[in-house]
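Trainee: Just one file: data36.cif, with mmCIF, N, CA and C atoms.
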data_target
#
loop_
_atom_site.label_atom_id
_atom_site.label_comp_id
_atom_site.auth_asym_id
_atom_site.auth_seq_id
_atom_site.Cartn_x
_atom_site.Cartn_y
_atom_site.Cartn_z
N MET A 1 3.27 10.33 5.83
CA MET A 1 3.50 8.92 5.57
C MET A 1 4.32 8.35 6.71
N PHE A 2 4.04 7.11 7.06
CA PHE A 2 4.77 6.50 8.16
C PHE A 2 4.98 5.02 7.91
N LEU A 3 6.02 4.50 8.54
CA LEU A 3 6.35 3.08 8.49
C LEU A 3 7.02 2.73 9.81
N THR A 4 6.57 1.67 10.43
CA THR A 4 7.17 1.22 11.68
C THR A 4 7.40 -0.28 11.61
N THR A 5 8.06 -0.80 12.59
CA THR A 5 8.25 -2.24 12.69
C THR A 5 7.42 -2.76 13.85
N GLY A 6 6.29 -3.38 13.51
CA GLY A 6 5.45 -3.99 14.53
C GLY A 6 4.69 -3.01 15.41
N GLN A 7 4.65 -1.74 15.04
CA GLN A 7 3.97 -0.75 15.87
C GLN A 7 2.92 0.05 15.11
N THR A 8 2.51 -0.46 13.97
CA THR A 8 1.52 0.25 13.16
C THR A 8 0.25 0.52 13.95
N SER A 9 -0.14 -0.42 14.79
CA SER A 9 -1.37 -0.27 15.56
C SER A 9 -1.35 0.95 16.48
N LEU A 10 -0.17 1.40 16.87
CA LEU A 10 -0.07 2.58 17.75
C LEU A 10 -0.59 3.84 17.06
N PHE A 11 -0.65 3.83 15.74
CA PHE A 11 -1.14 5.00 15.02
C PHE A 11 -2.66 5.13 15.11
N ALA A 12 -3.33 4.15 15.65
CA ALA A 12 -4.78 4.25 15.86
C ALA A 12 -5.10 5.42 16.77
N ARG A 13 -4.33 5.59 17.83
CA ARG A 13 -4.56 6.72 18.75
C ARG A 13 -4.38 8.06 18.06
N ILE A 14 -3.38 8.14 17.20
CA ILE A 14 -3.14 9.38 16.46
C ILE A 14 -4.29 9.64 15.50
N ALA A 15 -4.71 8.62 14.78
CA ALA A 15 -5.82 8.76 13.84
C ALA A 15 -7.10 9.19 14.55
N GLU A 16 -7.34 8.65 15.73
CA GLU A 16 -8.53 9.01 16.51
C GLU A 16 -8.47 10.43 17.04
N ARG A 17 -7.33 10.81 17.60
CA ARG A 17 -7.17 12.14 18.20
C ARG A 17 -7.11 13.26 17.17
N HIS A 18 -6.67 12.93 15.96
CA HIS A 18 -6.48 13.95 14.93
C HIS A 18 -7.17 13.53 13.64
N PRO A 19 -8.50 13.52 13.64
CA PRO A 19 -9.22 13.00 12.48
C PRO A 19 -9.04 13.81 11.19
N GLN A 20 -8.55 15.02 11.29
CA GLN A 20 -8.30 15.84 10.09
C GLN A 20 -6.89 15.64 9.54
N LEU A 21 -6.05 14.91 10.26
CA LEU A 21 -4.67 14.67 9.84
C LEU A 21 -4.62 13.47 8.89
N PRO A 22 -4.22 13.69 7.64
CA PRO A 22 -4.10 12.54 6.73
C PRO A 22 -2.87 11.70 7.11
N LEU A 23 -3.09 10.44 7.36
CA LEU A 23 -2.02 9.50 7.67
C LEU A 23 -1.95 8.47 6.54
N ILE A 24 -0.78 8.29 5.99
CA ILE A 24 -0.59 7.35 4.89
C ILE A 24 0.43 6.29 5.31
N ILE A 25 -0.01 5.05 5.36
CA ILE A 25 0.88 3.94 5.71
C ILE A 25 1.76 3.66 4.50
N ASP A 26 3.05 3.68 4.69
CA ASP A 26 3.98 3.45 3.59
C ASP A 26 4.28 1.95 3.45
N HIS A 27 4.55 1.51 2.24
CA HIS A 27 4.98 0.13 1.94
C HIS A 27 4.04 -0.93 2.51
N MET A 28 2.74 -0.64 2.48
CA MET A 28 1.71 -1.55 2.99
C MET A 28 1.86 -1.81 4.49
N GLY A 29 2.73 -1.05 5.15
CA GLY A 29 2.96 -1.25 6.57
C GLY A 29 4.00 -2.31 6.87
N VAL A 30 4.74 -2.73 5.85
CA VAL A 30 5.74 -3.79 6.01
C VAL A 30 7.13 -3.18 5.93
N SER A 31 7.87 -3.25 7.01
CA SER A 31 9.25 -2.79 7.01
C SER A 31 10.17 -3.95 6.62
N SER A 32 11.37 -3.63 6.25
CA SER A 32 12.32 -4.71 5.90
C SER A 32 12.63 -5.56 7.13
N VAL A 33 12.62 -4.97 8.31
CA VAL A 33 12.86 -5.74 9.53
C VAL A 33 11.72 -6.73 9.75
N ALA A 34 10.48 -6.27 9.60
CA ALA A 34 9.33 -7.16 9.77
C ALA A 34 9.37 -8.28 8.73
N PHE A 35 9.72 -7.94 7.51
CA PHE A 35 9.80 -8.94 6.45
C PHE A 35 10.85 -10.00 6.78
N LYS A 36 12.03 -9.57 7.22
CA LYS A 36 13.11 -10.51 7.54
C LYS A 36 12.74 -11.41 8.71
N LYS A 37 11.88 -10.93 9.59
CA LYS A 37 11.44 -11.72 10.75
C LYS A 37 10.24 -12.61 10.41
N GLY A 38 9.80 -12.59 9.16
CA GLY A 38 8.66 -13.41 8.76
C GLY A 38 7.32 -12.86 9.20
N LEU A 39 7.24 -11.55 9.38
CA LEU A 39 6.03 -10.93 9.89
C LEU A 39 5.22 -10.18 8.84
N LEU A 40 5.37 -10.56 7.59
CA LEU A 40 4.68 -9.89 6.50
C LEU A 40 3.17 -9.89 6.70
N SER A 41 2.60 -11.05 6.92
CA SER A 41 1.14 -11.16 7.08
C SER A 41 0.65 -10.38 8.30
N SER A 42 1.40 -10.44 9.37
CA SER A 42 1.03 -9.71 10.58
C SER A 42 1.06 -8.20 10.33
N ALA A 43 2.06 -7.74 9.63
CA ALA A 43 2.16 -6.30 9.32
C ALA A 43 1.01 -5.86 8.43
N ILE A 44 0.64 -6.69 7.46
CA ILE A 44 -0.49 -6.38 6.58
C ILE A 44 -1.77 -6.29 7.41
N GLU A 45 -1.96 -7.22 8.33
CA GLU A 45 -3.16 -7.20 9.18
C GLU A 45 -3.22 -5.95 10.05
N GLN A 46 -2.07 -5.55 10.60
CA GLN A 46 -2.04 -4.31 11.39
C GLN A 46 -2.45 -3.12 10.54
N SER A 47 -1.97 -3.09 9.30
CA SER A 47 -2.32 -2.00 8.39
C SER A 47 -3.81 -2.04 8.05
N ALA A 48 -4.33 -3.23 7.78
CA ALA A 48 -5.75 -3.36 7.45
C ALA A 48 -6.64 -2.92 8.62
N ALA A 49 -6.21 -3.16 9.82
CA ALA A 49 -6.99 -2.78 11.00
C ALA A 49 -7.19 -1.27 11.11
N LEU A 50 -6.29 -0.50 10.55
CA LEU A 50 -6.41 0.96 10.63
C LEU A 50 -7.37 1.53 9.59
N ALA A 51 -7.89 0.70 8.71
CA ALA A 51 -8.82 1.17 7.68
C ALA A 51 -10.11 1.73 8.26
N LYS A 52 -10.41 1.41 9.50
CA LYS A 52 -11.64 1.93 10.11
C LYS A 52 -11.57 3.44 10.34
N TYR A 53 -10.38 4.01 10.25
CA TYR A 53 -10.21 5.45 10.41
C TYR A 53 -10.19 6.11 9.04
N PRO A 54 -11.15 6.99 8.75
CA PRO A 54 -11.24 7.59 7.42
C PRO A 54 -10.03 8.42 7.02
N ASN A 55 -9.26 8.88 7.98
CA ASN A 55 -8.08 9.70 7.66
C ASN A 55 -6.83 8.88 7.39
N VAL A 56 -6.94 7.57 7.43
CA VAL A 56 -5.80 6.69 7.16
C VAL A 56 -5.96 6.09 5.77
N SER A 57 -4.87 6.08 5.01
CA SER A 57 -4.83 5.42 3.70
C SER A 57 -3.51 4.65 3.62
N VAL A 58 -3.33 3.91 2.52
CA VAL A 58 -2.17 3.01 2.45
C VAL A 58 -1.53 3.05 1.07
N LYS A 59 -0.20 3.10 1.04
CA LYS A 59 0.54 2.96 -0.20
C LYS A 59 0.77 1.47 -0.46
N LEU A 60 0.38 1.03 -1.64
CA LEU A 60 0.55 -0.37 -2.03
C LEU A 60 1.89 -0.51 -2.77
N SER A 61 2.94 -0.15 -2.09
CA SER A 61 4.27 -0.19 -2.70
C SER A 61 5.11 -1.29 -2.05
N ALA A 62 6.22 -1.60 -2.67
CA ALA A 62 7.24 -2.52 -2.15
C ALA A 62 6.98 -4.00 -2.45
N SER A 63 5.97 -4.32 -3.23
CA SER A 63 5.73 -5.74 -3.48
C SER A 63 6.89 -6.44 -4.17
N PRO A 64 7.63 -5.81 -5.11
CA PRO A 64 8.80 -6.51 -5.66
C PRO A 64 9.85 -6.86 -4.59
N LEU A 65 10.02 -5.96 -3.65
CA LEU A 65 11.01 -6.16 -2.59
C LEU A 65 10.64 -7.34 -1.70
N PHE A 66 9.35 -7.49 -1.40
CA PHE A 66 8.91 -8.51 -0.46
C PHE A 66 8.49 -9.82 -1.13
N SER A 67 8.48 -9.85 -2.44
CA SER A 67 8.05 -11.05 -3.16
C SER A 67 9.18 -12.07 -3.28
N ALA A 68 8.82 -13.33 -3.18
CA ALA A 68 9.77 -14.42 -3.42
C ALA A 68 9.70 -14.88 -4.87
N GLU A 69 8.82 -14.26 -5.64
CA GLU A 69 8.61 -14.64 -7.03
C GLU A 69 9.04 -13.52 -7.97
N PRO A 70 9.31 -13.87 -9.23
CA PRO A 70 9.59 -12.83 -10.23
C PRO A 70 8.29 -12.12 -10.62
N TYR A 71 8.44 -11.07 -11.42
CA TYR A 71 7.28 -10.37 -11.96
C TYR A 71 6.30 -11.38 -12.54
N PRO A 72 5.04 -11.28 -12.25
CA PRO A 72 4.29 -10.19 -11.65
C PRO A 72 4.06 -10.30 -10.14
N PHE A 73 4.93 -11.01 -9.44
CA PHE A 73 4.92 -11.05 -7.96
C PHE A 73 3.58 -11.55 -7.41
N ARG A 74 3.12 -12.65 -7.96
CA ARG A 74 1.79 -13.16 -7.60
C ARG A 74 1.63 -13.52 -6.12
N ASP A 75 2.72 -13.83 -5.45
CA ASP A 75 2.61 -14.13 -4.02
C ASP A 75 2.23 -12.90 -3.19
N MET A 76 2.34 -11.72 -3.78
CA MET A 76 1.95 -10.49 -3.09
C MET A 76 0.49 -10.11 -3.36
N THR A 77 -0.12 -10.73 -4.36
CA THR A 77 -1.49 -10.37 -4.73
C THR A 77 -2.47 -10.52 -3.56
N PRO A 78 -2.43 -11.59 -2.76
CA PRO A 78 -3.38 -11.67 -1.63
C PRO A 78 -3.20 -10.53 -0.62
N HIS A 79 -1.98 -10.07 -0.43
CA HIS A 79 -1.73 -8.97 0.52
C HIS A 79 -2.26 -7.65 -0.04
N ILE A 80 -2.02 -7.43 -1.32
CA ILE A 80 -2.55 -6.23 -1.97
C ILE A 80 -4.07 -6.27 -1.93
N ARG A 81 -4.64 -7.42 -2.22
CA ARG A 81 -6.10 -7.58 -2.20
C ARG A 81 -6.65 -7.34 -0.80
N ARG A 82 -5.97 -7.85 0.20
CA ARG A 82 -6.43 -7.66 1.59
C ARG A 82 -6.54 -6.18 1.92
N LEU A 83 -5.52 -5.41 1.55
CA LEU A 83 -5.53 -3.98 1.84
C LEU A 83 -6.53 -3.24 0.96
N PHE A 84 -6.64 -3.63 -0.29
CA PHE A 84 -7.63 -3.01 -1.17
C PHE A 84 -9.03 -3.24 -0.63
N ASP A 85 -9.32 -4.45 -0.19
CA ASP A 85 -10.64 -4.75 0.36
C ASP A 85 -10.91 -3.93 1.63
N ALA A 86 -9.89 -3.69 2.42
CA ALA A 86 -10.06 -2.93 3.66
C ALA A 86 -10.23 -1.43 3.40
N TYR A 87 -9.44 -0.90 2.49
CA TYR A 87 -9.41 0.55 2.28
C TYR A 87 -10.23 1.04 1.09
N GLY A 88 -10.42 0.20 0.09
CA GLY A 88 -11.12 0.63 -1.11
C GLY A 88 -10.22 1.47 -2.00
N PRO A 89 -10.65 1.71 -3.22
CA PRO A 89 -9.80 2.39 -4.20
C PRO A 89 -9.49 3.85 -3.86
N HIS A 90 -10.34 4.50 -3.09
CA HIS A 90 -10.13 5.92 -2.78
C HIS A 90 -9.08 6.15 -1.70
N ARG A 91 -8.66 5.07 -1.03
CA ARG A 91 -7.64 5.22 0.02
C ARG A 91 -6.44 4.30 -0.17
N CYS A 92 -6.26 3.81 -1.40
CA CYS A 92 -5.08 3.02 -1.75
C CYS A 92 -4.27 3.79 -2.78
N HIS A 93 -2.96 3.79 -2.60
CA HIS A 93 -2.08 4.56 -3.47
C HIS A 93 -0.97 3.67 -4.03
N TRP A 94 -0.79 3.73 -5.34
CA TRP A 94 0.32 3.02 -5.97
C TRP A 94 1.62 3.76 -5.66
N GLY A 95 2.71 3.00 -5.55
CA GLY A 95 4.03 3.59 -5.38
C GLY A 95 5.08 2.66 -5.95
N THR A 96 6.20 3.20 -6.38
CA THR A 96 7.22 2.37 -7.02
C THR A 96 8.14 1.67 -6.04
N ASP A 97 8.58 2.39 -5.02
CA ASP A 97 9.63 1.91 -4.12
C ASP A 97 10.84 1.42 -4.93
N ILE A 98 11.10 2.11 -6.01
CA ILE A 98 12.16 1.69 -6.92
C ILE A 98 13.56 1.81 -6.31
N THR A 99 13.74 2.70 -5.37
CA THR A 99 15.07 2.90 -4.78
C THR A 99 15.53 1.71 -3.94
N ASN A 100 14.57 0.96 -3.40
CA ASN A 100 14.94 -0.16 -2.53
C ASN A 100 14.99 -1.51 -3.23
N SER A 101 14.53 -1.56 -4.47
CA SER A 101 14.48 -2.86 -5.15
C SER A 101 14.65 -2.71 -6.66
N LEU A 102 15.57 -1.88 -7.04
CA LEU A 102 15.80 -1.60 -8.46
C LEU A 102 16.09 -2.86 -9.26
N ALA A 103 16.82 -3.79 -8.70
CA ALA A 103 17.20 -5.01 -9.42
C ALA A 103 16.04 -6.00 -9.58
N LYS A 104 14.97 -5.85 -8.81
CA LYS A 104 13.87 -6.83 -8.83
C LYS A 104 12.82 -6.57 -9.90
N ALA A 105 12.69 -5.32 -10.34
CA ALA A 105 11.64 -5.01 -11.32
C ALA A 105 11.92 -3.68 -12.00
N THR A 106 11.52 -3.60 -13.25
CA THR A 106 11.65 -2.34 -13.97
C THR A 106 10.53 -1.40 -13.52
N TYR A 107 10.66 -0.14 -13.88
CA TYR A 107 9.62 0.83 -13.58
C TYR A 107 8.32 0.41 -14.26
N ARG A 108 8.43 -0.01 -15.52
CA ARG A 108 7.25 -0.44 -16.27
C ARG A 108 6.57 -1.63 -15.59
N GLN A 109 7.33 -2.61 -15.11
CA GLN A 109 6.74 -3.76 -14.43
C GLN A 109 6.00 -3.34 -13.16
N ARG A 110 6.52 -2.35 -12.49
CA ARG A 110 5.86 -1.86 -11.27
C ARG A 110 4.50 -1.26 -11.60
N ILE A 111 4.41 -0.62 -12.75
CA ILE A 111 3.15 -0.05 -13.20
C ILE A 111 2.21 -1.17 -13.67
N THR A 112 2.69 -2.01 -14.56
CA THR A 112 1.82 -3.04 -15.14
C THR A 112 1.39 -4.10 -14.13
N GLN A 113 2.12 -4.26 -13.05
CA GLN A 113 1.65 -5.16 -12.00
C GLN A 113 0.24 -4.73 -11.57
N PHE A 114 0.02 -3.43 -11.48
CA PHE A 114 -1.29 -2.92 -11.06
C PHE A 114 -2.25 -2.73 -12.23
N THR A 115 -1.76 -2.25 -13.35
CA THR A 115 -2.65 -1.93 -14.46
C THR A 115 -3.03 -3.14 -15.31
N GLU A 116 -2.23 -4.22 -15.26
CA GLU A 116 -2.51 -5.38 -16.10
C GLU A 116 -2.61 -6.71 -15.36
N GLU A 117 -2.04 -6.84 -14.20
CA GLU A 117 -1.93 -8.14 -13.53
C GLU A 117 -2.89 -8.37 -12.37
N LEU A 118 -3.48 -7.35 -11.82
CA LEU A 118 -4.38 -7.51 -10.68
C LEU A 118 -5.82 -7.53 -11.20
N SER A 119 -6.29 -8.72 -11.52
CA SER A 119 -7.58 -8.88 -12.20
C SER A 119 -8.77 -8.42 -11.36
N PHE A 120 -8.62 -8.31 -10.07
CA PHE A 120 -9.74 -7.89 -9.23
C PHE A 120 -9.98 -6.38 -9.28
N LEU A 121 -9.07 -5.62 -9.91
CA LEU A 121 -9.24 -4.18 -10.00
C LEU A 121 -10.01 -3.80 -11.27
N SER A 122 -11.01 -2.95 -11.09
CA SER A 122 -11.73 -2.41 -12.25
C SER A 122 -10.91 -1.26 -12.84
N GLU A 123 -11.32 -0.79 -14.00
CA GLU A 123 -10.62 0.35 -14.61
C GLU A 123 -10.74 1.58 -13.71
N SER A 124 -11.87 1.76 -13.09
CA SER A 124 -12.06 2.88 -12.16
C SER A 124 -11.14 2.73 -10.94
N ASP A 125 -11.04 1.51 -10.40
CA ASP A 125 -10.13 1.26 -9.27
C ASP A 125 -8.71 1.65 -9.64
N LYS A 126 -8.28 1.23 -10.82
CA LYS A 126 -6.92 1.53 -11.28
C LYS A 126 -6.69 3.03 -11.38
N ASP A 127 -7.69 3.75 -11.89
CA ASP A 127 -7.58 5.20 -12.00
C ASP A 127 -7.34 5.83 -10.62
N TRP A 128 -8.09 5.37 -9.64
CA TRP A 128 -7.93 5.89 -8.28
C TRP A 128 -6.57 5.51 -7.70
N ILE A 129 -6.23 4.24 -7.77
CA ILE A 129 -4.99 3.75 -7.15
C ILE A 129 -3.75 4.34 -7.80
N MET A 130 -3.77 4.50 -9.10
CA MET A 130 -2.59 4.95 -9.83
C MET A 130 -2.36 6.46 -9.75
N GLY A 131 -3.18 7.18 -9.01
CA GLY A 131 -2.89 8.59 -8.82
C GLY A 131 -4.02 9.45 -8.30
N ARG A 132 -5.22 9.18 -8.74
CA ARG A 132 -6.34 10.03 -8.35
C ARG A 132 -6.57 10.07 -6.84
N ALA A 133 -6.43 8.94 -6.18
CA ALA A 133 -6.65 8.88 -4.72
C ALA A 133 -5.61 9.71 -3.96
N LEU A 134 -4.37 9.64 -4.40
CA LEU A 134 -3.33 10.42 -3.71
C LEU A 134 -3.54 11.92 -3.92
N LEU A 135 -3.91 12.31 -5.14
CA LEU A 135 -4.21 13.71 -5.40
C LEU A 135 -5.33 14.21 -4.48
N ALA A 136 -6.36 13.40 -4.32
CA ALA A 136 -7.48 13.76 -3.45
C ALA A 136 -7.05 13.80 -1.98
N ARG A 137 -6.29 12.78 -1.55
CA ARG A 137 -5.85 12.70 -0.15
C ARG A 137 -5.02 13.91 0.26
N LEU A 138 -4.15 14.35 -0.64
CA LEU A 138 -3.26 15.48 -0.34
C LEU A 138 -3.85 16.83 -0.77
N ASN A 139 -5.11 16.81 -1.20
CA ASN A 139 -5.77 18.03 -1.68
C ASN A 139 -5.00 18.72 -2.80
N TRP A 140 -4.47 17.94 -3.70
CA TRP A 140 -3.73 18.47 -4.84
C TRP A 140 -4.62 18.55 -6.08
N ALA A 141 -5.84 18.07 -5.96
CA ALA A 141 -6.73 18.10 -7.13
C ALA A 141 -7.97 18.94 -6.83
#
As structure tokens, please, write out the structure in this file.
Mentor:
Amino acid sequence: MFLTTGQTSLFARIAERHPQLPLIIDHMGVSSVAFKKGLLSSAIEQSAALAKYPNVSVKLSASPLFSAEPYPFRDMTPHIRRLFDAYGPHRCHWGTDITNSLAKATYRQRITQFTEELSFLSESDKDWIMGRALLARLNWA
């Protein structure tokens, strides 16, 4: 798993040179520094650009931290959708990021944001995102 500030695109060379190496973009590719600089959309686009590499996947975590809205963090839905559309359910992974934003959302809200609030996800998509995809990516299943 990796996270950088404005340098996500540099991982394209690594993904190309090492196609058997699983690379997982953490926090949708958005660092707190990028967020504070107003670069959320740019960071999401850099992450989406790496979807062309089959060995790259993305954790859809940290939306409570980066949201300006309360639960269910609807201002983050377009960013989650952008990455979901780029990577598909088999390469998107749910994550809590609870340690960095404990005051913004409960553990249950972090789950239900994906299982109940993202209407574009099918039940099968949810199954993959909420755990099945990560098990497959890490060869744990």
Trainee: What lies within 6 Å of region 91-102 of chain A using only N, CA and C atoms, ignoring chain neighbours under 4 positions off, as an MDAnalysis selection string?
Mentor: chainID A and resid 57:62 65 87 128:131 133:134
Trainee: Excluding Leu39 (chain A) and residues on its chain fewer than 6 positions from it, collect all residues at most 10 Å away from it, counting only C-alpha atoms, and give them as a ChimeraX atom specification.
Mentor: /A:5-6,30-33,45
Trainee: From the options A:Ile44, A:Leu3, A:Leu118, A:Leu10, which residue's atoms come nearest to Ile24 (chain A), counting all atoms listed in the file?
Mentor: A:Leu3
Trainee: Within 8 Å of Ser9 (chain A), counting only N, CA and C atoms, which residues show up once you throw out same-chain ones fewer than 6 positions away? Write them as a PyMOL selection string, please.
Mentor: chain A and resi 45-47+49-50
Trainee: Rounded to one decimal place, report the atom C of Ala141 (chain A)-atom N of Leu21 (chain A) distance in Å.
Mentor: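 Taking atom C of Ala141 (chain A) and atom N of Leu21 (chain A), their separation equals 17.7 Å.
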Trainee: According to DSSP computed on the backbone, where in region 10-140 of chain A is there strand (DSSP E)? Give the residues as a VMD selection string.
Mentor: chain A and resid 23 to 25 56 to 60 92 to 94
Trainee: Deliver the residues from the most recent selection as a file, using N, CA and C atoms, as a CSV table (one decimal), in the frame of the given file.
Mentor:
chain,number,residue,atom,x,y,z
A,23,LEU,N,-3.1,10.4,7.4
A,23,LEU,CA,-2.0,9.5,7.7
A,23,LEU,C,-2.0,8.5,6.5
A,24,ILE,N,-0.8,8.3,6.0
A,24,ILE,CA,-0.6,7.4,4.9
A,24,ILE,C,0.4,6.3,5.3
A,25,ILE,N,0.0,5.0,5.4
A,25,ILE,CA,0.9,3.9,5.7
A,25,ILE,C,1.8,3.7,4.5
A,56,VAL,N,-6.9,7.6,7.4
A,56,VAL,CA,-5.8,6.7,7.2
A,56,VAL,C,-6.0,6.1,5.8
A,57,SER,N,-4.9,6.1,5.0
A,57,SER,CA,-4.8,5.4,3.7
A,57,SER,C,-3.5,4.6,3.6
A,58,VAL,N,-3.3,3.9,2.5
A,58,VAL,CA,-2.2,3.0,2.4
A,58,VAL,C,-1.5,3.0,1.1
A,59,LYS,N,-0.2,3.1,1.0
A,59,LYS,CA,0.5,3.0,-0.2
A,59,LYS,C,0.8,1.5,-0.5
A,60,LEU,N,0.4,1.0,-1.6
A,60,LEU,CA,0.6,-0.4,-2.0
A,60,LEU,C,1.9,-0.5,-2.8
A,92,CYS,N,-6.3,3.8,-1.4
A,92,CYS,CA,-5.1,3.0,-1.8
A,92,CYS,C,-4.3,3.8,-2.8
A,93,HIS,N,-3.0,3.8,-2.6
A,93,HIS,CA,-2.1,4.6,-3.5
A,93,HIS,C,-1.0,3.7,-4.0
A,94,TRP,N,-0.8,3.7,-5.3
A,94,TRP,CA,0.3,3.0,-6.0
A,94,TRP,C,1.6,3.8,-5.7
Trainee: Compare A:Gly88, A:Asn139, A:Tyr71, A:His79 by their minimum atom-to-atom distance to Gln113 (chain A), counting all atoms listed in the file, and give me the closest one.
Mentor: A:Tyr71
Trainee: Can you work out the spacing between atom N of Lys52 (chain A) and atom N of Glu117 (chain A) in Å, to one decimal?
Mentor: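 According to the coordinates, atom N of Lys52 (chain A) and atom N of Glu117 (chain A) are separated by 26.5 Å.
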Trainee: Report as an MDAnalysis selection string all protein, DNA and RNA residues lying within 8 Å of Arg82 (chain A), evaluated on only C-alpha atoms, omitting residues in the same chain fewer than 4 positions from it.
Mentor: chainID A and resid 44 48 78 86
Trainee: May I ask for the distance between atom N of Lys104 (chain A) and atom C of Phe73 (chain A), given in Å to one decimal place?
Mentor: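 Straight-line distance from atom N of Lys104 (chain A) to atom C of Phe73 (chain A) works out to 12.8 Å.
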Trainee: Enumerate, as an MDAnalysis selection string, the complete set of residues in chain A that a backbone-based DSSP assignment places in helix (DSSP H, G or I).
Mentor: chainID A and resid 8:17 26:29 32:36 40:52 63:66 74:87 89:91 107:115 123:137
Trainee: Out of A:Arg13, A:Pro64, A:Arg108, A:Leu23, which residue has the shortest atom-to-atom distance to Met76 (chain A) when counting only N, CA and C atoms?
Mentor: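 Closest candidate: A:Pro64.
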Trainee: My list of candidates is A:Tyr53, A:Ser42, A:Phe84, A:Gln109. Which is closest to Pro22 (chain A) when distances are computed with only C-alpha atoms?
Mentor: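 Result for the nearest residue to Pro22 (chain A): A:Tyr53.
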Trainee: Compare A:Lys36, A:His18, A:Arg137, A:Arg74 by their minimum atom-to-atom distance to His90 (chain A), counting only C-alpha atoms, and give me the closest one.
Mentor: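 Nearest to His90 (chain A): A:Arg137.
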Trainee: Give the centre and edge lengths of an axis-aligned box, in Å to one decimal, that holds all listed atoms of region 22-39 of chain A with 5 Å on each side, as lines of an AutoDock Vina configuration file.
Mentor:
center_x = 4.4
center_y = 0.1
center_z = 6.3
size_x = 27.3
size_y = 37.1
size_z = 18.8
